[in-house]
$ cat model.cif   # mmCIF, C-alpha atoms, pLDDT in the B column; chains and numbers go by the auth columns
data_work
loop_
_atom_site.group_PDB
_atom_site.id
_atom_site.type_symbol
_atom_site.label_atom_id
_atom_site.label_comp_id
_atom_site.label_asym_id
_atom_site.label_seq_id
_atom_site.Cartn_x
_atom_site.Cartn_y
_atom_site.Cartn_z
_atom_site.B_iso_or_equiv
_atom_site.auth_seq_id
_atom_site.auth_asym_id
ATOM 1 C CA MET A 1 0.000 0.000 0.000 39.00 1 A
ATOM 2 C CA SER A 2 1.459 3.371 -1.051 40.00 2 A
ATOM 3 C CA VAL A 3 1.850 6.336 1.270 41.00 3 A
ATOM 4 C CA LEU A 4 0.836 9.773 -0.023 43.00 4 A
ATOM 5 C CA SER A 5 3.433 12.511 0.308 41.00 5 A
ATOM 6 C CA SER A 6 3.070 16.266 0.056 42.00 6 A
ATOM 7 C CA GLN A 7 4.960 16.212 -3.259 50.00 7 A
ATOM 8 C CA ALA A 8 3.072 13.295 -4.819 54.00 8 A
ATOM 9 C CA ARG A 9 -0.575 13.280 -3.898 84.00 9 A
ATOM 10 C CA HIS A 10 -2.491 12.892 -7.131 95.00 10 A
ATOM 11 C CA ILE A 11 -4.648 9.822 -7.675 96.00 11 A
ATOM 12 C CA LEU A 12 -5.176 8.295 -11.120 97.00 12 A
ATOM 13 C CA VAL A 13 -8.300 6.187 -11.596 98.00 13 A
ATOM 14 C CA ALA A 14 -9.475 4.147 -14.589 97.00 14 A
ATOM 15 C CA ASP A 15 -12.744 2.471 -15.496 96.00 15 A
ATOM 16 C CA ILE A 16 -12.067 -0.187 -18.164 95.00 16 A
ATOM 17 C CA GLY A 17 -15.414 -0.776 -19.849 90.00 17 A
ATOM 18 C CA ASN A 18 -16.455 -2.817 -22.851 88.00 18 A
ATOM 19 C CA THR A 19 -16.539 0.223 -25.154 87.00 19 A
ATOM 20 C CA GLN A 20 -14.245 2.773 -23.548 91.00 20 A
ATOM 21 C CA ILE A 21 -11.525 3.214 -20.946 94.00 21 A
ATOM 22 C CA VAL A 22 -12.360 6.300 -18.883 96.00 22 A
ATOM 23 C CA LEU A 23 -9.537 7.781 -16.809 97.00 23 A
ATOM 24 C CA GLY A 24 -9.552 10.552 -14.224 97.00 24 A
ATOM 25 C CA LEU A 25 -6.831 12.412 -12.362 97.00 25 A
ATOM 26 C CA PHE A 26 -7.710 13.670 -8.878 97.00 26 A
ATOM 27 C CA ASP A 27 -6.093 16.028 -6.401 94.00 27 A
ATOM 28 C CA GLY A 28 -7.979 15.119 -3.243 92.00 28 A
ATOM 29 C CA ASP A 29 -11.621 15.031 -4.327 91.00 29 A
ATOM 30 C CA THR A 30 -11.065 17.530 -7.168 95.00 30 A
ATOM 31 C CA LEU A 31 -11.131 16.066 -10.658 95.00 31 A
ATOM 32 C CA LEU A 32 -8.227 17.740 -12.464 94.00 32 A
ATOM 33 C CA ALA A 33 -8.581 16.002 -15.828 95.00 33 A
ATOM 34 C CA HIS A 34 -10.405 13.123 -17.459 95.00 34 A
ATOM 35 C CA TRP A 35 -9.923 11.217 -20.695 95.00 35 A
ATOM 36 C CA ARG A 36 -11.624 8.534 -22.805 92.00 36 A
ATOM 37 C CA LEU A 37 -9.910 5.830 -24.844 91.00 37 A
ATOM 38 C CA SER A 38 -11.386 3.120 -27.012 88.00 38 A
ATOM 39 C CA SER A 39 -11.382 -0.313 -25.327 86.00 39 A
ATOM 40 C CA GLU A 40 -9.681 -2.109 -28.190 83.00 40 A
ATOM 41 C CA ARG A 41 -8.993 -5.653 -27.012 80.00 41 A
ATOM 42 C CA LEU A 42 -5.599 -5.858 -28.742 85.00 42 A
ATOM 43 C CA LEU A 43 -4.106 -2.680 -27.272 89.00 43 A
ATOM 44 C CA THR A 44 -0.551 -3.300 -26.079 94.00 44 A
ATOM 45 C CA SER A 45 1.184 -1.848 -23.054 95.00 45 A
ATOM 46 C CA ASP A 46 3.347 0.247 -25.416 96.00 46 A
ATOM 47 C CA GLU A 47 0.276 1.765 -27.081 95.00 47 A
ATOM 48 C CA LEU A 48 -1.392 2.477 -23.760 95.00 48 A
ATOM 49 C CA ALA A 49 1.801 3.988 -22.340 96.00 49 A
ATOM 50 C CA TRP A 50 2.072 6.283 -25.343 96.00 50 A
ATOM 51 C CA GLN A 51 -1.535 7.404 -24.957 95.00 51 A
ATOM 52 C CA LEU A 52 -1.161 7.856 -21.202 95.00 52 A
ATOM 53 C CA HIS A 53 1.963 9.952 -21.700 95.00 53 A
ATOM 54 C CA GLY A 54 0.121 12.107 -24.244 95.00 54 A
ATOM 55 C CA MET A 55 -2.831 12.667 -21.936 94.00 55 A
ATOM 56 C CA PHE A 56 -0.628 13.897 -19.111 95.00 56 A
ATOM 57 C CA ALA A 57 1.266 16.165 -21.513 94.00 57 A
ATOM 58 C CA GLN A 58 -1.947 17.568 -22.976 92.00 58 A
ATOM 59 C CA SER A 59 -3.304 18.342 -19.499 91.00 59 A
ATOM 60 C CA GLU A 60 0.027 19.759 -18.317 92.00 60 A
ATOM 61 C CA GLN A 61 -0.041 17.443 -15.305 92.00 61 A
ATOM 62 C CA PRO A 62 3.144 15.651 -14.178 93.00 62 A
ATOM 63 C CA PRO A 63 2.770 11.860 -14.162 94.00 63 A
ATOM 64 C CA HIS A 64 5.375 11.545 -11.391 92.00 64 A
ATOM 65 C CA ALA A 65 2.932 13.334 -9.047 93.00 65 A
ATOM 66 C CA VAL A 66 0.658 10.254 -9.100 95.00 66 A
ATOM 67 C CA ALA A 67 0.873 8.504 -5.739 93.00 67 A
ATOM 68 C CA GLY A 68 -1.734 5.812 -6.326 95.00 68 A
ATOM 69 C CA ILE A 69 -3.776 4.242 -9.107 97.00 69 A
ATOM 70 C CA MET A 70 -7.158 2.533 -8.697 98.00 70 A
ATOM 71 C CA ILE A 71 -8.758 0.580 -11.542 97.00 71 A
ATOM 72 C CA ALA A 72 -12.162 -1.042 -12.067 97.00 72 A
ATOM 73 C CA SER A 73 -12.221 -3.386 -15.048 95.00 73 A
ATOM 74 C CA VAL A 74 -14.689 -5.603 -16.872 92.00 74 A
ATOM 75 C CA VAL A 75 -12.208 -6.367 -19.684 92.00 75 A
ATOM 76 C CA PRO A 76 -9.563 -8.711 -18.205 92.00 76 A
ATOM 77 C CA HIS A 77 -7.449 -8.730 -21.394 93.00 77 A
ATOM 78 C CA LEU A 78 -6.612 -5.057 -20.839 95.00 78 A
ATOM 79 C CA ASP A 79 -5.749 -5.268 -17.142 95.00 79 A
ATOM 80 C CA GLU A 80 -2.102 -6.245 -17.485 96.00 80 A
ATOM 81 C CA PRO A 81 -1.288 -3.948 -20.450 95.00 81 A
ATOM 82 C CA LEU A 82 -2.749 -0.941 -18.612 96.00 82 A
ATOM 83 C CA ALA A 83 -0.979 -1.913 -15.382 97.00 83 A
ATOM 84 C CA GLN A 84 2.349 -2.060 -17.261 97.00 84 A
ATOM 85 C CA ALA A 85 1.655 1.301 -18.920 96.00 85 A
ATOM 86 C CA CYS A 86 0.877 2.891 -15.544 96.00 86 A
ATOM 87 C CA GLN A 87 4.102 1.542 -14.084 96.00 87 A
ATOM 88 C CA ARG A 88 6.144 2.943 -16.988 96.00 88 A
ATOM 89 C CA ILE A 89 4.558 6.400 -17.077 96.00 89 A
ATOM 90 C CA CYS A 90 3.623 7.031 -13.437 95.00 90 A
ATOM 91 C CA GLY A 91 6.147 4.829 -11.662 93.00 91 A
ATOM 92 C CA CYS A 92 3.592 2.911 -9.593 92.00 92 A
ATOM 93 C CA SER A 93 1.448 -0.183 -10.010 93.00 93 A
ATOM 94 C CA PRO A 94 -2.338 0.026 -9.821 96.00 94 A
ATOM 95 C CA ALA A 95 -4.714 -1.601 -7.371 96.00 95 A
ATOM 96 C CA PHE A 96 -7.754 -3.341 -8.866 97.00 96 A
ATOM 97 C CA VAL A 97 -11.249 -3.261 -7.405 96.00 97 A
ATOM 98 C CA GLY A 98 -12.182 -6.865 -6.711 90.00 98 A
ATOM 99 C CA SER A 99 -8.700 -7.903 -5.653 89.00 99 A
ATOM 100 C CA GLY A 100 -8.190 -9.056 -2.099 85.00 100 A
ATOM 101 C CA SER A 101 -6.186 -5.959 -1.188 88.00 101 A
ATOM 102 C CA VAL A 102 -8.950 -3.435 -1.993 93.00 102 A
ATOM 103 C CA LYS A 103 -11.594 -3.188 0.725 93.00 103 A
ATOM 104 C CA THR A 104 -14.809 -1.612 -0.572 93.00 104 A
ATOM 105 C CA GLY A 105 -16.642 -1.241 2.734 93.00 105 A
ATOM 106 C CA MET A 106 -19.873 -2.349 1.045 95.00 106 A
ATOM 107 C CA ALA A 107 -21.585 -5.657 1.788 95.00 107 A
ATOM 108 C CA VAL A 108 -22.708 -7.454 -1.397 95.00 108 A
ATOM 109 C CA ASP A 109 -25.929 -9.460 -1.252 94.00 109 A
ATOM 110 C CA TYR A 110 -25.303 -11.316 -4.551 89.00 110 A
ATOM 111 C CA LYS A 111 -25.238 -15.103 -4.253 89.00 111 A
ATOM 112 C CA ASN A 112 -21.701 -14.956 -5.646 90.00 112 A
ATOM 113 C CA PRO A 113 -20.261 -11.484 -4.951 87.00 113 A
ATOM 114 C CA ARG A 114 -17.429 -12.060 -7.453 87.00 114 A
ATOM 115 C CA GLU A 115 -19.962 -12.026 -10.286 90.00 115 A
ATOM 116 C CA VAL A 116 -20.739 -8.339 -9.796 92.00 116 A
ATOM 117 C CA GLY A 117 -18.851 -6.042 -12.172 91.00 117 A
ATOM 118 C CA ALA A 118 -16.324 -3.864 -10.401 94.00 118 A
ATOM 119 C CA ASP A 119 -17.773 -0.727 -11.978 95.00 119 A
ATOM 120 C CA ARG A 120 -21.212 -1.531 -10.589 95.00 120 A
ATOM 121 C CA ILE A 121 -19.901 -1.816 -7.024 96.00 121 A
ATOM 122 C CA VAL A 122 -17.966 1.435 -7.471 97.00 122 A
ATOM 123 C CA ASN A 123 -21.090 3.247 -8.705 97.00 123 A
ATOM 124 C CA ALA A 124 -23.070 1.995 -5.725 98.00 124 A
ATOM 125 C CA ILE A 125 -20.359 3.181 -3.327 97.00 125 A
ATOM 126 C CA ALA A 126 -20.293 6.640 -4.906 98.00 126 A
ATOM 127 C CA ALA A 127 -24.098 6.953 -4.841 98.00 127 A
ATOM 128 C CA ARG A 128 -24.307 5.861 -1.192 98.00 128 A
ATOM 129 C CA GLU A 129 -21.569 8.316 -0.195 97.00 129 A
ATOM 130 C CA ALA A 130 -23.254 11.233 -1.958 97.00 130 A
ATOM 131 C CA TYR A 131 -26.939 10.546 -1.335 98.00 131 A
ATOM 132 C CA GLY A 132 -27.250 7.897 1.363 98.00 132 A
ATOM 133 C CA ALA A 133 -29.387 4.772 1.209 98.00 133 A
ATOM 134 C CA PRO A 134 -31.517 3.510 -0.395 98.00 134 A
ATOM 135 C CA ALA A 135 -30.384 4.514 -3.872 98.00 135 A
ATOM 136 C CA ILE A 136 -30.826 3.273 -7.431 98.00 136 A
ATOM 137 C CA VAL A 137 -28.031 3.828 -9.957 98.00 137 A
ATOM 138 C CA LEU A 138 -28.953 3.855 -13.637 98.00 138 A
ATOM 139 C CA ASP A 139 -25.921 3.403 -15.913 97.00 139 A
ATOM 140 C CA CYS A 140 -26.551 3.770 -19.657 95.00 140 A
ATOM 141 C CA GLY A 141 -23.600 2.523 -21.659 91.00 141 A
ATOM 142 C CA THR A 142 -22.885 -0.618 -23.670 89.00 142 A
ATOM 143 C CA ALA A 143 -25.515 -2.217 -21.456 93.00 143 A
ATOM 144 C CA THR A 144 -28.190 -0.459 -19.445 96.00 144 A
ATOM 145 C CA THR A 145 -27.835 -1.456 -15.812 96.00 145 A
ATOM 146 C CA PHE A 146 -29.572 -0.724 -12.537 98.00 146 A
ATOM 147 C CA ASP A 147 -27.605 -1.106 -9.309 98.00 147 A
ATOM 148 C CA ILE A 148 -29.506 -1.094 -6.054 98.00 148 A
ATOM 149 C CA VAL A 149 -28.252 0.177 -2.700 98.00 149 A
ATOM 150 C CA SER A 150 -30.493 -1.264 -0.006 98.00 150 A
ATOM 151 C CA PRO A 151 -31.887 0.762 2.912 98.00 151 A
ATOM 152 C CA GLN A 152 -29.140 -0.909 4.985 97.00 152 A
ATOM 153 C CA GLY A 153 -26.455 0.405 2.599 97.00 153 A
ATOM 154 C CA HIS A 154 -25.678 -2.974 1.006 97.00 154 A
ATOM 155 C CA TYR A 155 -25.277 -3.712 -2.675 97.00 155 A
ATOM 156 C CA ALA A 156 -28.633 -5.480 -3.013 97.00 156 A
ATOM 157 C CA GLY A 157 -28.353 -6.570 -6.651 96.00 157 A
ATOM 158 C CA GLY A 158 -29.467 -5.145 -9.944 96.00 158 A
ATOM 159 C CA LEU A 159 -30.811 -5.506 -13.448 97.00 159 A
ATOM 160 C CA ILE A 160 -29.003 -5.741 -16.790 96.00 160 A
ATOM 161 C CA LEU A 161 -30.552 -5.158 -20.205 94.00 161 A
ATOM 162 C CA PRO A 162 -29.138 -4.340 -23.653 93.00 162 A
ATOM 163 C CA GLY A 163 -28.079 -0.743 -24.141 92.00 163 A
ATOM 164 C CA ILE A 164 -29.880 1.350 -26.751 92.00 164 A
ATOM 165 C CA GLU A 165 -26.863 1.317 -29.096 91.00 165 A
ATOM 166 C CA MET A 166 -26.439 -2.435 -28.696 91.00 166 A
ATOM 167 C CA ALA A 167 -30.112 -3.019 -29.483 89.00 167 A
ATOM 168 C CA LEU A 168 -29.932 -0.955 -32.678 89.00 168 A
ATOM 169 C CA THR A 169 -26.791 -2.782 -33.785 89.00 169 A
ATOM 170 C CA ALA A 170 -28.428 -6.150 -33.169 90.00 170 A
ATOM 171 C CA LEU A 171 -31.445 -5.129 -35.280 87.00 171 A
ATOM 172 C CA SER A 172 -29.332 -4.204 -38.294 86.00 172 A
ATOM 173 C CA GLN A 173 -27.102 -7.283 -37.968 87.00 173 A
ATOM 174 C CA ARG A 174 -29.872 -9.837 -37.523 85.00 174 A
ATOM 175 C CA ALA A 175 -32.469 -8.460 -39.963 86.00 175 A
ATOM 176 C CA ALA A 176 -31.267 -8.355 -43.564 78.00 176 A
ATOM 177 C CA LYS A 177 -33.432 -5.424 -44.654 83.00 177 A
ATOM 178 C CA LEU A 178 -32.813 -3.170 -41.674 84.00 178 A
ATOM 179 C CA PRO A 179 -30.038 -0.573 -42.054 84.00 179 A
ATOM 180 C CA GLU A 180 -27.553 0.738 -39.498 87.00 180 A
ATOM 181 C CA VAL A 181 -28.994 3.854 -37.863 88.00 181 A
ATOM 182 C CA SER A 182 -27.843 6.328 -35.237 87.00 182 A
ATOM 183 C CA ILE A 183 -29.500 6.956 -31.888 89.00 183 A
ATOM 184 C CA GLN A 184 -31.874 9.874 -32.197 88.00 184 A
ATOM 185 C CA ARG A 185 -34.929 11.236 -30.419 92.00 185 A
ATOM 186 C CA PRO A 186 -37.611 11.155 -33.128 89.00 186 A
ATOM 187 C CA ALA A 187 -39.839 14.161 -33.751 85.00 187 A
ATOM 188 C CA GLN A 188 -42.927 11.928 -33.579 90.00 188 A
ATOM 189 C CA LEU A 189 -43.741 8.574 -32.055 93.00 189 A
ATOM 190 C CA VAL A 190 -44.916 6.796 -35.207 95.00 190 A
ATOM 191 C CA GLY A 191 -42.149 6.386 -37.782 90.00 191 A
ATOM 192 C CA ARG A 192 -42.978 7.031 -41.439 91.00 192 A
ATOM 193 C CA ASP A 193 -39.999 5.138 -42.878 91.00 193 A
ATOM 194 C CA THR A 194 -37.666 2.349 -41.800 91.00 194 A
ATOM 195 C CA VAL A 195 -35.011 4.574 -40.256 91.00 195 A
ATOM 196 C CA SER A 196 -37.437 6.713 -38.226 91.00 196 A
ATOM 197 C CA SER A 197 -39.338 3.581 -37.158 92.00 197 A
ATOM 198 C CA MET A 198 -36.138 1.994 -35.831 89.00 198 A
ATOM 199 C CA GLN A 199 -35.108 5.199 -34.095 91.00 199 A
ATOM 200 C CA SER A 200 -38.531 5.671 -32.540 93.00 200 A
ATOM 201 C CA GLY A 201 -38.786 2.081 -31.383 93.00 201 A
ATOM 202 C CA SER A 202 -35.300 2.003 -29.863 93.00 202 A
ATOM 203 C CA TYR A 203 -35.530 5.442 -28.237 94.00 203 A
ATOM 204 C CA TRP A 204 -39.054 5.286 -26.827 95.00 204 A
ATOM 205 C CA GLY A 205 -38.712 1.596 -26.040 95.00 205 A
ATOM 206 C CA THR A 206 -35.639 2.375 -23.942 95.00 206 A
ATOM 207 C CA ILE A 207 -37.408 5.273 -22.211 96.00 207 A
ATOM 208 C CA ALA A 208 -40.458 3.121 -21.459 97.00 208 A
ATOM 209 C CA ALA A 209 -38.291 0.289 -20.127 96.00 209 A
ATOM 210 C CA ILE A 210 -36.282 2.587 -17.850 97.00 210 A
ATOM 211 C CA ARG A 211 -39.318 4.451 -16.505 98.00 211 A
ATOM 212 C CA GLY A 212 -41.227 1.223 -15.982 98.00 212 A
ATOM 213 C CA LEU A 213 -38.360 -0.460 -14.153 98.00 213 A
ATOM 214 C CA ILE A 214 -37.816 2.580 -11.925 98.00 214 A
ATOM 215 C CA ALA A 215 -41.512 2.507 -11.006 98.00 215 A
ATOM 216 C CA GLN A 216 -41.321 -1.197 -10.213 98.00 216 A
ATOM 217 C CA LEU A 217 -38.157 -0.798 -8.171 98.00 217 A
ATOM 218 C CA LYS A 218 -39.602 2.077 -6.127 98.00 218 A
ATOM 219 C CA ALA A 219 -42.675 -0.064 -5.454 98.00 219 A
ATOM 220 C CA GLU A 220 -40.453 -2.625 -3.691 97.00 220 A
ATOM 221 C CA PRO A 221 -40.657 -2.468 0.125 97.00 221 A
ATOM 222 C CA GLY A 222 -38.246 0.134 1.483 97.00 222 A
ATOM 223 C CA TYR A 223 -37.469 1.814 -1.856 98.00 223 A
ATOM 224 C CA ALA A 224 -40.274 4.374 -2.264 97.00 224 A
ATOM 225 C CA ASP A 225 -37.899 7.228 -1.383 97.00 225 A
ATOM 226 C CA ALA A 226 -34.812 5.818 -3.107 98.00 226 A
ATOM 227 C CA THR A 227 -32.641 8.448 -4.810 98.00 227 A
ATOM 228 C CA ILE A 228 -32.277 7.850 -8.559 98.00 228 A
ATOM 229 C CA VAL A 229 -28.755 8.587 -9.819 98.00 229 A
ATOM 230 C CA ALA A 230 -27.946 8.431 -13.538 98.00 230 A
ATOM 231 C CA THR A 231 -24.569 8.002 -15.213 97.00 231 A
ATOM 232 C CA GLY A 232 -22.997 6.443 -18.299 93.00 232 A
ATOM 233 C CA GLY A 233 -21.859 7.539 -21.726 91.00 233 A
ATOM 234 C CA LEU A 234 -25.333 7.474 -23.330 93.00 234 A
ATOM 235 C CA ILE A 235 -27.534 8.834 -20.534 96.00 235 A
ATOM 236 C CA HIS A 236 -27.304 12.437 -21.824 95.00 236 A
ATOM 237 C CA LEU A 237 -29.315 11.361 -24.885 94.00 237 A
ATOM 238 C CA LEU A 238 -32.227 10.244 -22.692 96.00 238 A
ATOM 239 C CA LEU A 239 -32.350 12.646 -19.754 96.00 239 A
ATOM 240 C CA ASP A 240 -34.980 15.016 -21.135 95.00 240 A
ATOM 241 C CA ASP A 241 -37.551 12.213 -21.108 97.00 241 A
ATOM 242 C CA LEU A 242 -36.642 10.742 -17.707 98.00 242 A
ATOM 243 C CA PRO A 243 -38.183 13.032 -15.059 97.00 243 A
ATOM 244 C CA GLU A 244 -37.635 10.312 -12.447 97.00 244 A
ATOM 245 C CA ILE A 245 -33.872 11.021 -12.397 98.00 245 A
ATOM 246 C CA ASP A 246 -32.874 12.958 -9.267 98.00 246 A
ATOM 247 C CA HIS A 247 -29.187 13.445 -10.079 98.00 247 A
ATOM 248 C CA HIS A 248 -27.101 13.175 -13.258 98.00 248 A
ATOM 249 C CA ARG A 249 -23.508 12.302 -12.325 97.00 249 A
ATOM 250 C CA PRO A 250 -21.418 11.800 -15.490 96.00 250 A
ATOM 251 C CA HIS A 251 -18.280 11.051 -13.452 96.00 251 A
ATOM 252 C CA LEU A 252 -19.912 8.815 -10.841 97.00 252 A
ATOM 253 C CA THR A 253 -17.597 5.857 -11.475 97.00 253 A
ATOM 254 C CA LEU A 254 -14.465 7.994 -11.336 97.00 254 A
ATOM 255 C CA THR A 255 -15.690 9.528 -8.073 97.00 255 A
ATOM 256 C CA GLY A 256 -16.310 6.081 -6.596 97.00 256 A
ATOM 257 C CA LEU A 257 -12.814 4.979 -7.572 98.00 257 A
ATOM 258 C CA GLN A 258 -11.367 8.104 -5.959 97.00 258 A
ATOM 259 C CA LEU A 259 -13.254 7.313 -2.746 96.00 259 A
ATOM 260 C CA LEU A 260 -11.829 3.807 -2.677 96.00 260 A
ATOM 261 C CA ALA A 261 -8.335 5.102 -3.477 95.00 261 A
ATOM 262 C CA ALA A 262 -8.509 7.643 -0.651 93.00 262 A
ATOM 263 C CA HIS A 263 -9.040 4.794 1.815 91.00 263 A
ATOM 264 C CA HIS A 264 -6.617 2.386 0.166 92.00 264 A
ATOM 265 C CA PHE A 265 -3.632 4.719 -0.321 89.00 265 A
ATOM 266 C CA LYS A 266 -3.281 6.304 3.089 77.00 266 A
#

$ encode --input "model.cif" --output "structure tokens"
Amino acid sequence: MSVLSSQARHILVADIGNTQIVLGLFDGDTLLAHWRLSSERLLTSDELAWQLHGMFAQSEQPPHAVAGIMIASVVPHLDEPLAQACQRICGCSPAFVGSGSVKTGMAVDYKNPREVGADRIVNAIAAREAYGAPAIVLDCGTATTFDIVSPQGHYAGGLILPGIEMALTALSQRAAKLPEVSIQRPAQLVGRDTVSSMQSGSYWGTIAAIRGLIAQLKAEPGYADATIVATGGLIHLLLDDLPEIDHHRPHLTLTGLQLLAAHHFK
């Protein structure tokens, strides 16, 4: 476990997701800089080191000021290359959420706690810290997930469904006559051509699913007053039609990783 010094007190955090690697650099609880990289499965440690070096240079932040690195990953193939890149550029090895050395301070009520994605636990920790319990975290990315913080402050479980982008891609790949289309809020509910019909179905279907699931979750005993926290790379496309959302936190995962790092590297 590293010890923070007055000269080197920055924390680097990384969320390795299926589509993107999101990184954040913190000084205390202040987010100094954040970056997004594509989660290409064949990225090497050399490529990641080069990109990491460029990000620090672009932000005019010294990599040697990093005293600790905390990573949440759902792409195991990238764990070791990113760890090697961090060691080369920052001079320290990262800690991984889910490893035995990182204590989350959150009880997990899953039958097998190791099945829960590290990012989902981190989001739940950040939501509980900011808003208390119970809380419901909606994360719209590659998948759309709900993570539930129980009234007791435990990770109670969650729901996973295809993300809106994934659903559109599946439609075009599995149906020969359906084209690839972009995510877009349609001007009217009923589409008048194939593209607008696909966009309307995917957009309003996603909205209906999210609103319906939130209503069902809040109807569960103990969750009527649960705070709804939204995050994820695609949530900004949907927010205008989700009045149930109490807080939009685009950097929720990075904040959760910083919270864990603050306890781990002390």

$ closest_residue --input "model.cif" --among "A:Ile69, A:Ser150, A:Ile164, A:Gly256" --to "Ala209 in chain A" --atoms "only C-alpha atoms"
A:Ile164

$ closest_residue --input "model.cif" --among "A:Ile71, A:Ile183, A:Leu213, A:Ala133" --to "Gly201 in chain A" --atoms "only C-alpha atoms"
A:Ile183

$ closest_residue --input "model.cif" --among "A:Val190, A:Phe146, A:Ser200, A:Ala67" --to "Gln216 in chain A" --atoms "only C-alpha atoms"
A:Phe146

$ residues_around --input "model.cif" --residues "Ala127 in chain A" --least-positions-apart "3" --cutoff "8 Å" --atoms "all atoms listed in the file" --output "list in words"
Asn123, Ala124, Ala130, Tyr131, Gly132, Ala135, Val137, Val229 and Leu252 of chain A

$ resolve_selection --input "model.cif" --expression "the PyMOL selection byres ((chain A and resi 169-181) around 8)" --output "list in words"
Glu165, Met166, Ala167, Leu168, Ser182, Ile183, Thr194, Val195, Met198 and Gln199 of chain A

$ residues_around --input "model.cif" --residues "range 100-115 of chain A" --least-positions-apart "5" --cutoff "9 Å" --atoms "only C-alpha atoms" --output "VMD selection string"
chain A and resid 1 95 121 to 122 124 to 125 153 to 157 260 to 261 263 to 264

$ resolve_selection --input "model.cif" --expression "the PyMOL selection byres ((chain A and resi 87) around 12)" --output "ChimeraX atom specification"
/A:12,45-46,48-49,52-53,63-64,66-69,80-86,88-95

$ residues_near_point --input "model.cif" --point "(-32.3, 6.3, -6.3)" --cutoff "9 Å" --atoms "all atoms listed in the file" --output "list in words"
Ala127, Tyr131, Ala133, Pro134, Ala135, Ile136, Val137, Leu138, Ile148, Val149, Ile214, Lys218, Tyr223, Asp225, Ala226, Thr227, Ile228, Val229, Ala230, Ile245, Asp246 and His247 of chain A

$ closest_residue --input "model.cif" --among "A:Leu31, A:Leu23, A:Leu239, A:Val75" --to "Ile207 in chain A" --atoms "all atoms listed in the file"
A:Leu239

$ closest_residue --input "model.cif" --among "A:Gly163, A:Pro186, A:Gly54, A:Gly17" --to "Gly117 in chain A" --atoms "all atoms listed in the file"
A:Gly17

$ atom_distance --input "model.cif" --atom1 "CA of Pro76 in chain A" --atom2 "CA of Leu237 in chain A"
28.9 Å

$ axis_aligned_box --input "model.cif" --around "range 200-212 of chain A" --padding-each-side "3 Å" --output "JSON"
{"center_x": -38.3, "center_y": 3.0, "center_z": -24.3, "size_x": 11.9, "size_y": 11.4, "size_z": 22.6}

$ closest_residue --input "model.cif" --among "A:Gly232, A:Glu60, A:Ala262, A:Trp204" --to "Gly191 in chain A" --atoms "all atoms listed in the file"
A:Trp204

$ residues_around --input "model.cif" --residues "Val22 in chain A" --least-positions-apart "2" --cutoff "9 Å" --atoms "all atoms listed in the file" --output "PyMOL selection string"
chain A and resi 13-17+20+24+34-38+254

$ write_last_selection --input "model.cif" --atoms "C-alpha atoms" --output "PDB file, in the frame of the given file"
ATOM      1  CA  VAL A  13      -8.300   6.187 -11.596  1.00 98.00           C
ATOM      2  CA  ALA A  14      -9.475   4.147 -14.589  1.00 97.00           C
ATOM      3  CA  ASP A  15     -12.744   2.471 -15.496  1.00 96.00           C
ATOM      4  CA  ILE A  16     -12.067  -0.187 -18.164  1.00 95.00           C
ATOM      5  CA  GLY A  17     -15.414  -0.776 -19.849  1.00 90.00           C
ATOM      6  CA  GLN A  20     -14.245   2.773 -23.548  1.00 91.00           C
ATOM      7  CA  GLY A  24      -9.552  10.552 -14.224  1.00 97.00           C
ATOM      8  CA  HIS A  34     -10.405  13.123 -17.459  1.00 95.00           C
ATOM      9  CA  TRP A  35      -9.923  11.217 -20.695  1.00 95.00           C
ATOM     10  CA  ARG A  36     -11.624   8.534 -22.805  1.00 92.00           C
ATOM     11  CA  LEU A  37      -9.910   5.830 -24.844  1.00 91.00           C
ATOM     12  CA  SER A  38     -11.386   3.120 -27.012  1.00 88.00           C
ATOM     13  CA  LEU A 254     -14.465   7.994 -11.336  1.00 97.00           C
TER      14      LEU A 254
END

$ atom_distance --input "model.cif" --atom1 "CA of Asp29 in chain A" --atom2 "CA of Leu259 in chain A"
8.0 Å

$ atom_distance --input "model.cif" --atom1 "CA of Leu25 in chain A" --atom2 "CA of His10 in chain A"
6.8 Å
